[in-house]
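A.B. asks: The structure file query.csv (CSV, C-alpha atoms) is provided below.
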chain,number,residue,atom,x,y,z
J,728,MET,CA,0.0,0.0,0.0
J,729,ARG,CA,1.3,3.4,-0.9
J,730,ASN,CA,1.6,6.5,1.3
J,731,LEU,CA,1.2,4.4,4.5
J,732,VAL,CA,3.6,4.0,7.4
J,733,VAL,CA,3.0,1.9,10.5
J,734,PHE,CA,5.3,2.5,13.5
J,735,SER,CA,5.4,0.2,16.5
J,736,GLY,CA,5.8,1.2,20.1
J,737,SER,CA,7.8,-0.9,22.5
J,738,SER,CA,4.7,-2.3,24.3
J,739,HIS,CA,3.8,-5.0,21.7
J,740,PRO,CA,6.0,-5.2,18.6
J,741,ASP,CA,4.8,-8.7,17.7
J,742,PHE,CA,1.3,-7.3,17.2
J,743,SER,CA,2.6,-4.6,14.9
J,744,GLU,CA,4.4,-7.2,12.9
J,745,LYS,CA,1.2,-9.1,12.4
J,746,ILE,CA,-0.6,-6.0,11.2
J,747,CYS,CA,2.1,-5.1,8.7
J,748,ARG,CA,2.3,-8.6,7.4
J,749,ARG,CA,-1.4,-8.6,6.6
J,750,LEU,CA,-1.1,-5.2,5.0
J,751,GLY,CA,1.9,-6.3,2.9
J,752,ILE,CA,4.2,-3.6,4.2
J,753,ARG,CA,7.2,-3.5,6.5
J,754,PRO,CA,7.1,-1.7,9.9
J,755,GLY,CA,8.5,1.8,10.0
J,756,LYS,CA,12.1,2.1,11.2
J,757,SER,CA,12.5,3.9,14.5
J,758,SER,CA,14.7,3.9,17.6
J,759,LEU,CA,13.0,3.8,21.0
J,760,GLU,CA,15.5,4.1,23.9
J,761,LYS,CA,15.8,5.6,27.4
J,762,PHE,CA,18.4,7.9,28.8
J,763,SER,CA,20.2,7.0,32.1
J,764,ASN,CA,17.5,9.0,34.0
J,765,ASN,CA,14.8,7.0,32.3
J,766,GLU,CA,13.7,9.8,30.0
J,767,THR,CA,12.3,8.4,26.7
J,768,LYS,CA,14.2,9.0,23.5
J,769,VAL,CA,12.5,8.6,20.1
J,770,GLU,CA,14.1,8.7,16.7
J,771,LEU,CA,12.3,8.1,13.4
J,772,TYR,CA,14.3,6.7,10.5
J,773,GLU,CA,11.4,6.7,8.1
J,774,SER,CA,10.1,9.6,6.0
J,775,VAL,CA,6.6,10.5,7.0
J,776,ARG,CA,6.1,13.5,4.7
J,777,GLU,CA,2.9,13.1,2.7
J,778,GLN,CA,2.2,9.8,4.5
J,779,ASP,CA,-0.6,8.4,6.6
J,780,VAL,CA,1.1,7.3,9.8
J,781,TYR,CA,-0.3,4.7,12.2
J,782,ILE,CA,1.4,4.1,15.6
J,783,VAL,CA,0.5,0.8,17.4
J,784,GLN,CA,0.9,0.9,21.1
J,785,SER,CA,-1.0,-1.2,23.7
J,786,GLY,CA,-1.8,-0.1,27.2
J,787,CYS,CA,0.0,-2.9,29.0
J,788,GLY,CA,3.3,-3.4,30.8
J,789,HIS,CA,4.8,-0.2,31.9
J,790,VAL,CA,1.7,1.8,31.1
J,791,ASN,CA,2.9,5.3,32.0
J,792,ASP,CA,6.2,4.9,30.1
J,793,ASN,CA,4.5,3.4,27.1
J,794,PHE,CA,2.0,6.3,27.0
J,795,ILE,CA,4.6,9.0,27.2
J,796,GLU,CA,6.5,7.1,24.4
J,797,LEU,CA,3.3,7.2,22.3
J,798,LEU,CA,2.9,10.9,22.8
J,799,ILE,CA,6.5,11.6,21.8
J,800,MET,CA,6.1,9.5,18.7
J,801,ILE,CA,2.9,11.3,17.7
J,802,GLN,CA,4.6,14.7,18.2
J,803,ALA,CA,7.6,13.5,16.1
J,804,CYS,CA,5.4,12.4,13.2
J,805,LYS,CA,3.3,15.6,13.4
J,806,THR,CA,6.4,17.8,13.3
J,807,ALA,CA,8.1,15.8,10.5
J,808,SER,CA,5.0,15.8,8.3
J,809,ALA,CA,4.3,19.5,8.7
J,810,LYS,CA,0.6,18.7,8.3
J,811,LYS,CA,1.1,17.5,4.8
J,812,VAL,CA,-0.5,14.1,5.3
J,813,THR,CA,-2.9,12.1,3.3
J,814,ALA,CA,-6.6,12.5,4.3
J,815,GLY,CA,-5.6,15.0,7.0
J,816,LYS,CA,-4.5,12.3,9.4
J,817,PRO,CA,-0.9,13.0,10.5
J,818,SER,CA,-0.8,10.3,13.1
J,819,VAL,CA,-3.4,7.7,14.0
J,820,PRO,CA,-2.6,5.9,17.3
J,821,SER,CA,-3.9,2.3,17.2
J,822,HIS,CA,-4.6,1.1,20.8
J,823,PRO,CA,-5.5,-2.5,21.1
J,824,LEU,CA,-6.0,-1.7,24.8
J,825,LEU,CA,-6.4,2.0,25.6
J,826,PRO,CA,-4.6,3.1,28.8
J,827,TYR,CA,-6.6,4.5,31.7
J,828,SER,CA,-9.9,3.5,30.0
J,829,ARG,CA,-11.1,1.9,33.2
J,830,GLN,CA,-11.1,5.3,35.0
J,831,PRO,CA,-14.2,7.2,33.9
J,832,ASP,CA,-15.3,10.6,35.2
J,833,VAL,CA,-18.6,9.5,36.5
J,834,PRO,CA,-18.5,9.1,40.3
J,835,TYR,CA,-19.2,5.6,41.5
J,836,LYS,CA,-20.3,4.1,44.8
J,837,ARG,CA,-18.2,1.6,46.7
J,838,ALA,CA,-20.5,-1.1,45.4
J,839,GLY,CA,-19.7,-0.2,41.8
J,840,ALA,CA,-23.0,1.4,40.8
J,841,PRO,CA,-23.0,5.0,39.5
J,842,LEU,CA,-24.5,7.7,41.7
J,843,THR,CA,-28.0,8.6,40.5
J,844,ARG,CA,-28.0,12.0,42.3
J,845,ALA,CA,-25.7,14.4,44.1
J,846,PRO,CA,-24.4,12.9,47.3
J,847,PRO,CA,-25.1,14.6,50.7
J,848,MET,CA,-22.4,16.7,52.2
J,849,THR,CA,-20.3,14.8,54.7
J,850,VAL,CA,-18.8,17.9,56.3
J,851,PRO,CA,-20.9,20.9,57.5
J,852,SER,CA,-20.5,23.9,55.1
J,853,SER,CA,-19.9,26.2,58.1
J,854,PRO,CA,-19.3,25.2,61.7
J,855,HIS,CA,-21.6,26.5,64.4
J,856,THR,CA,-20.1,29.5,66.2
J,857,ILE,CA,-20.6,30.4,69.9
J,858,PRO,CA,-21.2,34.1,70.5
J,859,SER,CA,-18.7,35.9,72.7
J,860,THR,CA,-21.4,36.9,75.2
J,861,PRO,CA,-24.3,34.7,76.4
J,862,LYS,CA,-27.8,35.3,75.3
J,863,THR,CA,-29.8,37.3,77.8
J,864,HIS,CA,-33.1,36.0,79.1
J,865,PRO,CA,-34.8,38.6,81.3
J,866,SER,CA,-37.1,35.9,82.8
J,867,THR,CA,-34.2,34.0,84.5
J,868,PRO,CA,-33.3,34.6,88.1
J,869,LEU,CA,-29.7,35.3,87.1
J,870,MET,CA,-30.5,38.3,85.1
J,871,THR,CA,-33.0,39.6,87.6
J,872,ASP,CA,-30.5,39.6,90.4
J,873,THR,CA,-27.9,41.1,88.2
J,874,LEU,CA,-30.1,44.0,87.3
J,875,ASP,CA,-31.0,44.7,90.9
J,876,ASN,CA,-27.4,44.6,92.1
J,877,PRO,CA,-24.8,43.3,89.7
J,878,PHE,CA,-22.1,42.9,92.4
J,879,THR,CA,-24.0,40.6,94.8
J,880,THR,CA,-22.4,37.2,95.7
J,881,THR,CA,-25.3,35.3,94.3
J,882,ALA,CA,-25.2,37.1,90.9
J,883,LEU,CA,-21.4,36.6,90.6
J,884,SER,CA,-21.7,32.9,91.5
J,885,LYS,CA,-24.4,32.3,88.9
J,886,LEU,CA,-22.5,34.3,86.3
J,887,SER,CA,-19.4,32.2,86.9
J,888,ASN,CA,-21.4,28.9,86.5
J,889,GLU,CA,-22.9,30.2,83.3
J,890,MET,CA,-19.5,31.1,81.8
J,891,GLU,CA,-18.1,27.7,82.8
J,892,ARG,CA,-21.1,26.0,81.0
J,893,ILE,CA,-20.4,28.1,77.9
J,894,ALA,CA,-16.7,27.1,77.9
J,895,VAL,CA,-17.6,23.4,78.2
J,896,GLY,CA,-20.0,23.8,75.2
J,897,GLN,CA,-17.3,25.4,73.1
J,898,GLN,CA,-14.9,22.5,73.8
J,899,PHE,CA,-17.6,20.0,72.9
J,900,GLN,CA,-18.3,21.8,69.6
J,901,ARG,CA,-14.5,21.7,68.7
J,902,THR,CA,-14.4,18.0,69.5
J,903,SER,CA,-17.5,17.2,67.4
J,904,ALA,CA,-16.1,19.1,64.4
J,905,ALA,CA,-12.8,17.2,64.6
J,906,SER,CA,-14.6,13.9,64.9
J,907,SER,CA,-16.7,14.6,61.8
J,908,LEU,CA,-13.7,15.6,59.8
J,909,SER,CA,-11.8,12.5,60.7
J,910,GLN,CA,-14.8,10.3,59.7
J,911,CYS,CA,-15.0,12.1,56.4
J,912,HIS,CA,-11.3,11.4,55.7
J,913,GLY,CA,-11.8,7.8,56.7
J,914,ALA,CA,-14.6,7.4,54.2
J,915,MET,CA,-12.4,8.7,51.4
J,916,SER,CA,-9.4,6.7,52.3
J,917,PRO,CA,-9.0,3.1,51.0
J,918,GLY,CA,-9.2,1.6,54.4
J,919,GLY,CA,-11.9,3.8,55.8
J,920,SER,CA,-15.0,2.1,57.2
J,921,THR,CA,-17.5,5.0,56.7
J,922,ASP,CA,-19.3,4.9,53.4
J,923,GLY,CA,-18.9,8.3,51.8
J,924,TYR,CA,-18.5,10.1,48.5
J,925,ARG,CA,-15.0,10.5,47.1
J,926,GLN,CA,-14.8,14.3,46.7
J,927,TRP,CA,-11.4,14.4,45.0
J,928,VAL,CA,-11.5,11.9,42.1
J,929,ALA,CA,-8.9,12.7,39.4
J,930,LYS,CA,-10.5,12.9,35.9
J,931,SER,CA,-7.9,10.8,34.2
J,932,GLY,CA,-10.1,9.9,31.3
J,933,THR,CA,-10.4,13.5,30.1
J,934,LEU,CA,-6.8,14.1,30.7
J,935,ILE,CA,-5.6,11.2,28.6
J,936,ALA,CA,-7.9,12.3,25.7
J,937,GLU,CA,-6.6,15.8,25.9
J,938,LEU,CA,-2.9,14.7,26.0
J,939,LEU,CA,-3.4,12.5,22.9
J,940,GLU,CA,-5.0,15.4,21.0
J,941,CYS,CA,-2.5,17.9,22.2
J,942,ALA,CA,0.3,15.7,20.9
J,943,GLY,CA,-1.3,15.7,17.5
J,944,ALA,CA,-3.5,12.7,17.2
J,945,ASP,CA,-6.3,13.1,14.7
J,946,HIS,CA,-7.9,9.6,15.0
J,947,ILE,CA,-8.0,6.9,17.6
J,948,ILE,CA,-8.5,3.2,16.9
J,949,THR,CA,-9.0,0.9,19.9
J,950,MET,CA,-11.0,-2.2,20.8
J,951,ASP,CA,-13.6,-3.1,23.5
J,952,LEU,CA,-13.4,0.0,25.7
J,953,HIS,CA,-14.2,-0.9,29.2
J,954,ASP,CA,-16.4,2.2,29.5
J,955,PRO,CA,-17.9,3.3,26.1
J,956,GLN,CA,-18.4,6.8,27.5
J,957,PHE,CA,-14.6,7.2,27.0
J,958,GLN,CA,-15.2,8.0,23.3
J,959,GLY,CA,-17.0,11.2,24.3
J,960,PHE,CA,-13.8,12.6,25.9
J,961,PHE,CA,-12.2,13.0,22.5
J,962,ASP,CA,-12.9,15.8,20.0
J,963,CYS,CA,-11.3,13.6,17.2
J,964,PRO,CA,-12.9,10.5,15.7
J,965,VAL,CA,-12.6,7.3,17.8
J,966,ASP,CA,-13.2,3.9,16.3
J,967,ASN,CA,-14.0,1.4,19.1
J,968,LEU,CA,-13.6,-1.9,17.3
J,969,SER,CA,-15.4,-5.0,18.6
J,970,SER,CA,-13.8,-8.4,19.3
J,971,LEU,CA,-17.2,-10.2,19.1
J,972,PRO,CA,-16.7,-11.6,15.5
J,973,MET,CA,-13.4,-13.1,16.5
J,974,MET,CA,-14.8,-14.4,19.8
J,975,ILE,CA,-17.7,-16.1,18.0
J,976,LYS,CA,-15.3,-17.8,15.6
J,977,CYS,CA,-13.0,-18.8,18.5
J,978,ILE,CA,-15.9,-20.4,20.3
J,979,GLU,CA,-17.1,-22.3,17.2
J,980,TYR,CA,-13.6,-23.7,16.4
J,981,THR,CA,-12.3,-24.3,20.0
J,982,ILE,CA,-15.2,-25.5,22.2
J,983,PRO,CA,-16.8,-28.8,21.2
J,984,ASN,CA,-20.6,-28.9,21.2
J,985,PHE,CA,-20.8,-25.2,21.8
J,986,GLN,CA,-24.5,-25.2,20.8
J,987,GLU,CA,-25.3,-26.9,24.1
J,988,ALA,CA,-23.2,-24.5,26.2
J,989,VAL,CA,-24.3,-21.5,28.3
J,990,ILE,CA,-22.9,-18.0,27.8
J,991,VAL,CA,-22.2,-16.6,31.3
J,992,SER,CA,-21.5,-13.0,32.3
J,993,PRO,CA,-19.2,-12.8,35.4
J,994,ASP,CA,-20.8,-9.5,36.5
J,995,ALA,CA,-23.7,-7.3,35.7
J,996,GLY,CA,-21.5,-4.8,33.8
J,997,GLY,CA,-20.7,-7.4,31.1
J,998,ALA,CA,-24.3,-8.6,30.6
J,999,LYS,CA,-24.8,-6.7,27.4
J,1000,ARG,CA,-21.7,-8.1,25.8
J,1001,ALA,CA,-22.5,-11.6,26.8
J,1002,THR,CA,-26.1,-11.5,25.7
J,1003,SER,CA,-25.0,-10.1,22.4
J,1004,ILE,CA,-22.9,-13.3,21.8
J,1005,ALA,CA,-25.7,-15.5,23.1
J,1006,GLU,CA,-28.2,-14.0,20.8
J,1007,LYS,CA,-26.0,-14.2,17.7
J,1008,MET,CA,-25.1,-17.9,18.4
J,1009,CYS,CA,-28.6,-18.9,19.6
J,1010,MET,CA,-27.3,-20.1,23.0
J,1011,ASP,CA,-28.6,-19.9,26.6
J,1012,PHE,CA,-27.5,-17.1,28.9
J,1013,ALA,CA,-26.7,-16.8,32.6
J,1014,LEU,CA,-25.6,-14.0,34.8
J,1015,ILE,CA,-23.6,-13.9,38.1
J,1016,HIS,CA,-24.8,-11.0,40.3
J,1017,LYS,CA,-23.0,-9.6,43.3
J,1018,GLU,CA,-25.6,-9.0,46.1
J,1019,ARG,CA,-24.7,-7.5,49.5
J,1020,ARG,CA,-27.1,-9.4,51.8
J,1021,SER,CA,-25.3,-9.4,55.2
J,1022,PRO,CA,-25.8,-6.1,57.1
J,1023,ASP,CA,-22.9,-6.7,59.4
J,1024,LYS,CA,-20.5,-7.2,56.5
J,1025,PRO,CA,-21.6,-4.7,53.8
J,1026,LEU,CA,-18.3,-4.9,51.9
J,1027,LYS,CA,-18.4,-8.6,51.5
J,1028,PRO,CA,-20.6,-9.4,48.4
J,1029,ASP,CA,-22.5,-12.6,48.0
J,1030,LEU,CA,-22.4,-14.1,44.5
J,1031,MET,CA,-25.8,-15.1,43.1
J,1032,LEU,CA,-26.3,-17.1,39.9
J,1033,VAL,CA,-29.2,-16.2,37.6
J,1034,GLY,CA,-29.8,-19.1,35.2
J,1035,ASP,CA,-29.5,-22.8,34.9
J,1036,VAL,CA,-26.0,-24.3,34.4
J,1037,LYS,CA,-26.3,-27.7,36.0
J,1038,ASP,CA,-24.7,-30.5,33.9
J,1039,LYS,CA,-23.8,-27.9,31.2
J,1040,VAL,CA,-20.7,-26.4,29.7
J,1041,CYS,CA,-20.2,-22.7,30.7
J,1042,ILE,CA,-18.4,-20.0,28.7
J,1043,LEU,CA,-17.5,-16.9,30.7
J,1044,ILE,CA,-17.3,-13.7,28.6
J,1045,ASP,CA,-15.3,-10.6,29.8
J,1046,ASP,CA,-13.5,-7.7,28.3
J,1047,ILE,CA,-10.6,-7.3,30.7
J,1048,ALA,CA,-8.9,-9.7,33.2
J,1049,ASP,CA,-6.3,-8.0,35.3
J,1050,THR,CA,-6.0,-9.8,38.7
J,1051,SER,CA,-8.5,-12.5,37.4
J,1052,PHE,CA,-10.4,-12.4,40.8
J,1053,THR,CA,-13.7,-12.0,39.0
J,1054,ILE,CA,-13.5,-14.9,36.6
J,1055,THR,CA,-11.9,-17.3,39.1
J,1056,LYS,CA,-14.7,-16.6,41.7
J,1057,ALA,CA,-17.3,-17.0,39.0
J,1058,ALA,CA,-15.8,-20.3,37.9
J,1059,LYS,CA,-15.9,-21.5,41.5
J,1060,LEU,CA,-19.6,-20.6,41.8
J,1061,LEU,CA,-20.4,-22.4,38.5
J,1062,HIS,CA,-18.5,-25.5,39.6
J,1063,GLU,CA,-20.4,-25.6,42.9
J,1064,THR,CA,-23.7,-25.2,40.9
J,1065,GLY,CA,-23.0,-28.2,38.8
J,1066,ALA,CA,-21.2,-27.0,35.6
J,1067,THR,CA,-19.3,-29.8,33.9
J,1068,LYS,CA,-16.7,-27.7,32.1
J,1069,ILE,CA,-15.9,-24.0,32.4
J,1070,TYR,CA,-14.2,-21.9,29.7
J,1071,ALA,CA,-13.4,-18.2,29.8
J,1072,VAL,CA,-13.1,-16.0,26.6
J,1073,ILE,CA,-11.4,-12.6,27.3
J,1074,THR,CA,-10.4,-9.7,25.1
J,1075,HIS,CA,-7.7,-8.0,27.1
J,1076,ALA,CA,-5.9,-10.4,29.4
J,1077,ILE,CA,-3.5,-8.2,31.4
J,1078,LEU,CA,-3.0,-10.8,34.1
J,1079,SER,CA,-0.9,-8.8,36.5
J,1080,GLY,CA,0.5,-10.0,39.9
J,1081,ASP,CA,-0.3,-13.6,40.7
J,1082,ALA,CA,-3.2,-13.8,38.2
J,1083,VAL,CA,-1.6,-16.6,36.2
J,1084,GLU,CA,-1.1,-18.8,39.3
J,1085,ARG,CA,-4.7,-18.0,40.3
J,1086,ILE,CA,-6.0,-19.2,37.0
J,1087,GLN,CA,-3.8,-22.4,37.1
J,1088,SER,CA,-5.3,-23.4,40.5
J,1089,SER,CA,-8.9,-22.4,39.7
J,1090,HIS,CA,-11.8,-24.5,38.3
J,1091,LEU,CA,-11.3,-23.0,34.9
J,1092,ASP,CA,-10.6,-25.7,32.2
J,1093,ALA,CA,-9.3,-23.2,29.6
J,1094,VAL,CA,-8.9,-19.4,29.3
J,1095,ILE,CA,-8.9,-18.1,25.7
J,1096,VAL,CA,-7.6,-14.6,25.4
J,1097,SER,CA,-6.7,-12.3,22.5
J,1098,ASP,CA,-3.2,-11.1,21.5
J,1099,SER,CA,-4.0,-7.4,22.2
J,1100,VAL,CA,-1.6,-7.9,25.1
J,1101,PRO,CA,1.6,-9.9,24.9
J,1102,GLN,CA,0.8,-13.5,26.1
J,1103,THR,CA,4.1,-15.3,25.5
J,1104,GLU,CA,5.2,-15.4,29.1
J,1105,HIS,CA,1.6,-16.2,30.3
J,1106,THR,CA,1.2,-19.2,28.1
J,1107,LYS,CA,4.6,-20.6,29.2
J,1108,LYS,CA,3.6,-20.4,32.9
J,1109,CYS,CA,0.0,-21.6,32.5
J,1110,SER,CA,-1.1,-24.5,30.3
J,1111,LYS,CA,-4.8,-23.4,30.5
J,1112,ILE,CA,-4.2,-20.1,28.6
J,1113,GLN,CA,-4.8,-20.1,24.9
J,1114,THR,CA,-4.7,-17.2,22.4
J,1115,PHE,CA,-6.6,-16.0,19.4
J,1116,SER,CA,-5.5,-13.1,17.2
J,1117,VAL,CA,-7.3,-9.8,16.6
J,1118,ALA,CA,-4.6,-8.4,14.3
J,1119,ALA,CA,-6.9,-9.1,11.3
J,1120,ILE,CA,-9.5,-6.7,12.7
J,1121,PHE,CA,-6.9,-3.9,13.2
J,1122,SER,CA,-5.2,-4.5,9.9
J,1123,GLU,CA,-8.5,-4.3,8.1
J,1124,ALA,CA,-9.5,-1.2,10.0
J,1125,VAL,CA,-6.2,0.5,9.0
J,1126,ARG,CA,-6.7,-0.5,5.4
J,1127,ARG,CA,-10.2,0.8,5.3
J,1128,THR,CA,-9.4,4.0,7.1
J,1129,HIS,CA,-6.4,4.7,4.7
J,1130,SER,CA,-8.6,4.0,1.7
J,1131,GLY,CA,-11.6,6.0,3.0
J,1132,GLU,CA,-13.9,3.0,3.3
J,1133,SER,CA,-16.5,2.4,6.0
J,1134,LEU,CA,-15.7,0.3,9.1
J,1135,SER,CA,-19.3,-0.7,9.8
J,1136,THR,CA,-18.9,-4.2,8.2
J,1137,LEU,CA,-16.2,-5.0,10.8
J,1138,PHE,CA,-18.8,-5.1,13.5
J,1139,GLU,CA,-20.8,-7.8,11.7
J,1140,SER,CA,-20.4,-11.3,13.1
J,1141,THR,CA,-20.7,-12.8,9.6
J,1142,TYR,CA,-17.7,-10.8,8.3
J,1143,ASP,CA,-15.0,-13.2,7.2
J,1144,PHE,CA,-11.5,-12.0,8.1
J,1145,VAL,CA,-9.3,-13.8,5.6
I'd like the structure from this file rewritten - as structure tokens, please.

C.D. replies:
Amino acid sequence: MRNLVVFSGSSHPDFSEKICRRLGIRPGKSSLEKFSNNETKVELYESVREQDVYIVQSGCGHVNDNFIELLIMIQACKTASAKKVTAGKPSVPSHPLLPYSRQPDVPYKRAGAPLTRAPPMTVPSSPHTIPSTPKTHPSTPLMTDTLDNPFTTTALSKLSNEMERIAVGQQFQRTSAASSLSQCHGAMSPGGSTDGYRQWVAKSGTLIAELLECAGADHIITMDLHDPQFQGFFDCPVDNLSSLPMMIKCIEYTIPNFQEAVIVSPDAGGAKRATSIAEKMCMDFALIHKERRSPDKPLKPDLMLVGDVKDKVCILIDDIADTSFTITKAAKLLHETGATKIYAVITHAILSGDAVERIQSSHLDAVIVSDSVPQTEHTKKCSKIQTFSVAAIFSEAVRRTHSGESLSTLFESTYDFV
């Protein structure tokens, strides 16, 4: 293809190689290094003048370093092309997994549900103040004696008692205000036991979008955003590709007798994704719901299965697996309910920490993940992990975008990626 250059970031070079191989071009030559103080150094050895430039960078591994590297590469291409780029797209970052896409700007409760209305204030807007002089009540004996003779012993004694009572009240007010403030901070801290609204949530979603656009990105290509609202943070076009066509083909070719299996969503958030696959494949559907039943342990959820999975094969569908707590707990519940075999099909398998070991010791029979994140080390450590490639979707999206064709056919489950 003419007037097309594809650069690869350091996060997932194998994925870029697959895209270029399908497009029939070689990857753009570049040098990605770090100085002794870990600053990123980028050098482009390919002419990008009058070229459409695509930069492939996944949001995995060292996320912050890879993101800064992407911004520098975009700026380098933008400067080198001097805006003389085909179709007005100087640099099109291609994100198999968009970084920070799991941090939306909508405030959420601790249970995970979005807030439907403004939360109540946890700290009084203005503390109560005590007047410097006590209120006068003419009907009290104290004030009557004082007016008759302000220097009598009885009047002075009562005045002393009244001033002592006011001092104790002031001390109580200060103690109550300090206690309320500490409870508020406890609710906002990770270990706080008081359920409150997090007042100072950083809007990282908007910031990431603005940084990409400020660097010079004119178009974003990604896949299966965890929060679809993330597209609204950008002023430039965003193509959120779907892995559903490849997932359906993977289920058909990998899982025997898949027609008799049950598609299961491990949480309520992924129900729409799972039901979409179940409807297209004419399969049964089940849902695992987290319900907080115990009043003495409100932070310990109880998993509840909605659907029948007894003596059936179950296929868990999810978009992201990071610590793999969700899918392993869901697999345990399905096993206890009577499922014969349990598979998991996941788009972005980050598998950080001890997630691989957790999968190996779980009730999952197989975990099928895409190659949007490097999986070489994961497959070596765990025999249950299998991979399927989504490079065909990205390469076709790049080809159609470069040629000015529509991408709508890529969302159809019947589309055949040769």

A.B. asks: Quick check, in Å to one decimal: how far apart do atom CA of Tyr1070 of chain J and atom CA of Ile1047 of chain J lie?

C.D. replies: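 Computed distance, atom CA of Tyr1070 of chain J to atom CA of Ile1047 of chain J, equals 15.1 Å.
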
A.B. asks: In Å to one decimal, how far is atom CA of Gly736 of chain J from atom CA of Phe762 of chain J?

C.D. replies: 16.7 Å

A.B. asks: What is the distance, in Å and to one decimal place, between atom CA of Phe960 of chain J and atom CA of Leu1078 of chain J?

C.D. replies: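 Result for atom CA of Phe960 of chain J versus atom CA of Leu1078 of chain J: 27.0 Å, one decimal.
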
A.B. asks: Would you pick out the contacts of Ala1093 of chain J at 7 Å or less, using all atoms listed in the file, so that residues sharing its chain but fewer than 5 positions from it are not included, and give the list as a list in words?

C.D. replies: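 Non-adjacent residues within range: Tyr1070, Ala1071, Lys1111 and Ile1112 of chain J.
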
A.B. asks: Just the residues within 9 Å of Glu1123 of chain J, please, counting all atoms listed in the file, with nothing from its chain fewer than 4 positions along; format it as JSON, numbers by chain.

C.D. replies: {"J": [746, 749, 750, 1118, 1119, 1127, 1128, 1134, 1137, 1144]}

A.B. asks: For segment 973-980 of chain J, work out the shell of residues within 8 Å, counting all atoms listed in the file and skipping chain neighbours fewer than 2 positions away, then give it as a short mmCIF file (atom, residue, chain, number, x, y, z; two decimals) with C-alpha atoms, keeping the file's coordinate frame.

C.D. replies:
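New file selection39.cif:
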data_model
loop_
_atom_site.label_atom_id
_atom_site.label_comp_id
_atom_site.auth_asym_id
_atom_site.auth_seq_id
_atom_site.Cartn_x
_atom_site.Cartn_y
_atom_site.Cartn_z
CA SER J 970 -13.80 -8.40 19.30
CA LEU J 971 -17.20 -10.20 19.10
CA ILE J 982 -15.20 -25.50 22.20
CA PRO J 983 -16.80 -28.80 21.20
CA PHE J 985 -20.80 -25.20 21.80
CA ILE J 1004 -22.90 -13.30 21.80
CA MET J 1008 -25.10 -17.90 18.40
CA VAL J 1072 -13.10 -16.00 26.60
CA PHE J 1115 -6.60 -16.00 19.40
CA SER J 1116 -5.50 -13.10 17.20
CA VAL J 1117 -7.30 -9.80 16.60
CA SER J 1140 -20.40 -11.30 13.10
#

A.B. asks: J:Ile799, J:Thr1103, J:Thr806, J:Ser737: which is nearest Gln784 of chain J, counting all atoms listed in the file?

C.D. replies: J:Ser737

A.B. asks: Which one is closest to Thr1114 of chain J: J:Ile1095, J:Val790, J:Leu968, J:Val1100? Count only C-alpha atoms.

C.D. replies: J:Ile1095

A.B. asks: Have a look at J:Val989, J:Cys1009, J:Ile1015, J:Ala1001 and name the one nearest to Ala1066 of chain J; count only C-alpha atoms.

C.D. replies: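 The closest residue to Ala1066 of chain J is J:Val989.
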
A.B. asks: Contacts of Cys1041 of chain J at 8 Å or less, counting all atoms listed in the file, minus same-chain residues fewer than 5 places along, as a PyMOL selection string?

C.D. replies: chain J and resi 988-991+1036+1061+1066-1070

A.B. asks: Save the residues we just selected, C-alpha atoms, as a PDB file, in the frame of the given file?

C.D. replies:
ATOM      1  CA  ALA J 988     -23.200 -24.500  26.200  1.00  0.00           C
ATOM      2  CA  VAL J 989     -24.300 -21.500  28.300  1.00  0.00           C
ATOM      3  CA  ILE J 990     -22.900 -18.000  27.800  1.00  0.00           C
ATOM      4  CA  VAL J 991     -22.200 -16.600  31.300  1.00  0.00           C
ATOM      5  CA  VAL J1036     -26.000 -24.300  34.400  1.00  0.00           C
ATOM      6  CA  LEU J1061     -20.400 -22.400  38.500  1.00  0.00           C
ATOM      7  CA  ALA J1066     -21.200 -27.000  35.600  1.00  0.00           C
ATOM      8  CA  THR J1067     -19.300 -29.800  33.900  1.00  0.00           C
ATOM      9  CA  LYS J1068     -16.700 -27.700  32.100  1.00  0.00           C
ATOM     10  CA  ILE J1069     -15.900 -24.000  32.400  1.00  0.00           C
ATOM     11  CA  TYR J1070     -14.200 -21.900  29.700  1.00  0.00           C
TER      12      TYR J1070
END

A.B. asks: List as a tab-separated table (two decimals) with C-alpha atoms, in the coordinates of the input the protein and nucleic acid residues near Arg1085 of chain J, meaning an atom at most 12 Å away when only C-alpha atoms are counted, but skip any in the same chain fewer than 2 places from it.

C.D. replies:
chain	number	residue	atom	x	y	z
J	1048	ALA	CA	-8.90	-9.70	33.20
J	1049	ASP	CA	-6.30	-8.00	35.30
J	1050	THR	CA	-6.00	-9.80	38.70
J	1051	SER	CA	-8.50	-12.50	37.40
J	1052	PHE	CA	-10.40	-12.40	40.80
J	1053	THR	CA	-13.70	-12.00	39.00
J	1054	ILE	CA	-13.50	-14.90	36.60
J	1055	THR	CA	-11.90	-17.30	39.10
J	1056	LYS	CA	-14.70	-16.60	41.70
J	1058	ALA	CA	-15.80	-20.30	37.90
J	1059	LYS	CA	-15.90	-21.50	41.50
J	1078	LEU	CA	-3.00	-10.80	34.10
J	1079	SER	CA	-0.90	-8.80	36.50
J	1080	GLY	CA	0.50	-10.00	39.90
J	1081	ASP	CA	-0.30	-13.60	40.70
J	1082	ALA	CA	-3.20	-13.80	38.20
J	1083	VAL	CA	-1.60	-16.60	36.20
J	1087	GLN	CA	-3.80	-22.40	37.10
J	1088	SER	CA	-5.30	-23.40	40.50
J	1089	SER	CA	-8.90	-22.40	39.70
J	1090	HIS	CA	-11.80	-24.50	38.30
J	1091	LEU	CA	-11.30	-23.00	34.90
J	1094	VAL	CA	-8.90	-19.40	29.30
J	1105	HIS	CA	1.60	-16.20	30.30
J	1108	LYS	CA	3.60	-20.40	32.90
J	1109	CYS	CA	0.00	-21.60	32.50
J	1111	LYS	CA	-4.80	-23.40	30.50
J	1112	ILE	CA	-4.20	-20.10	28.60
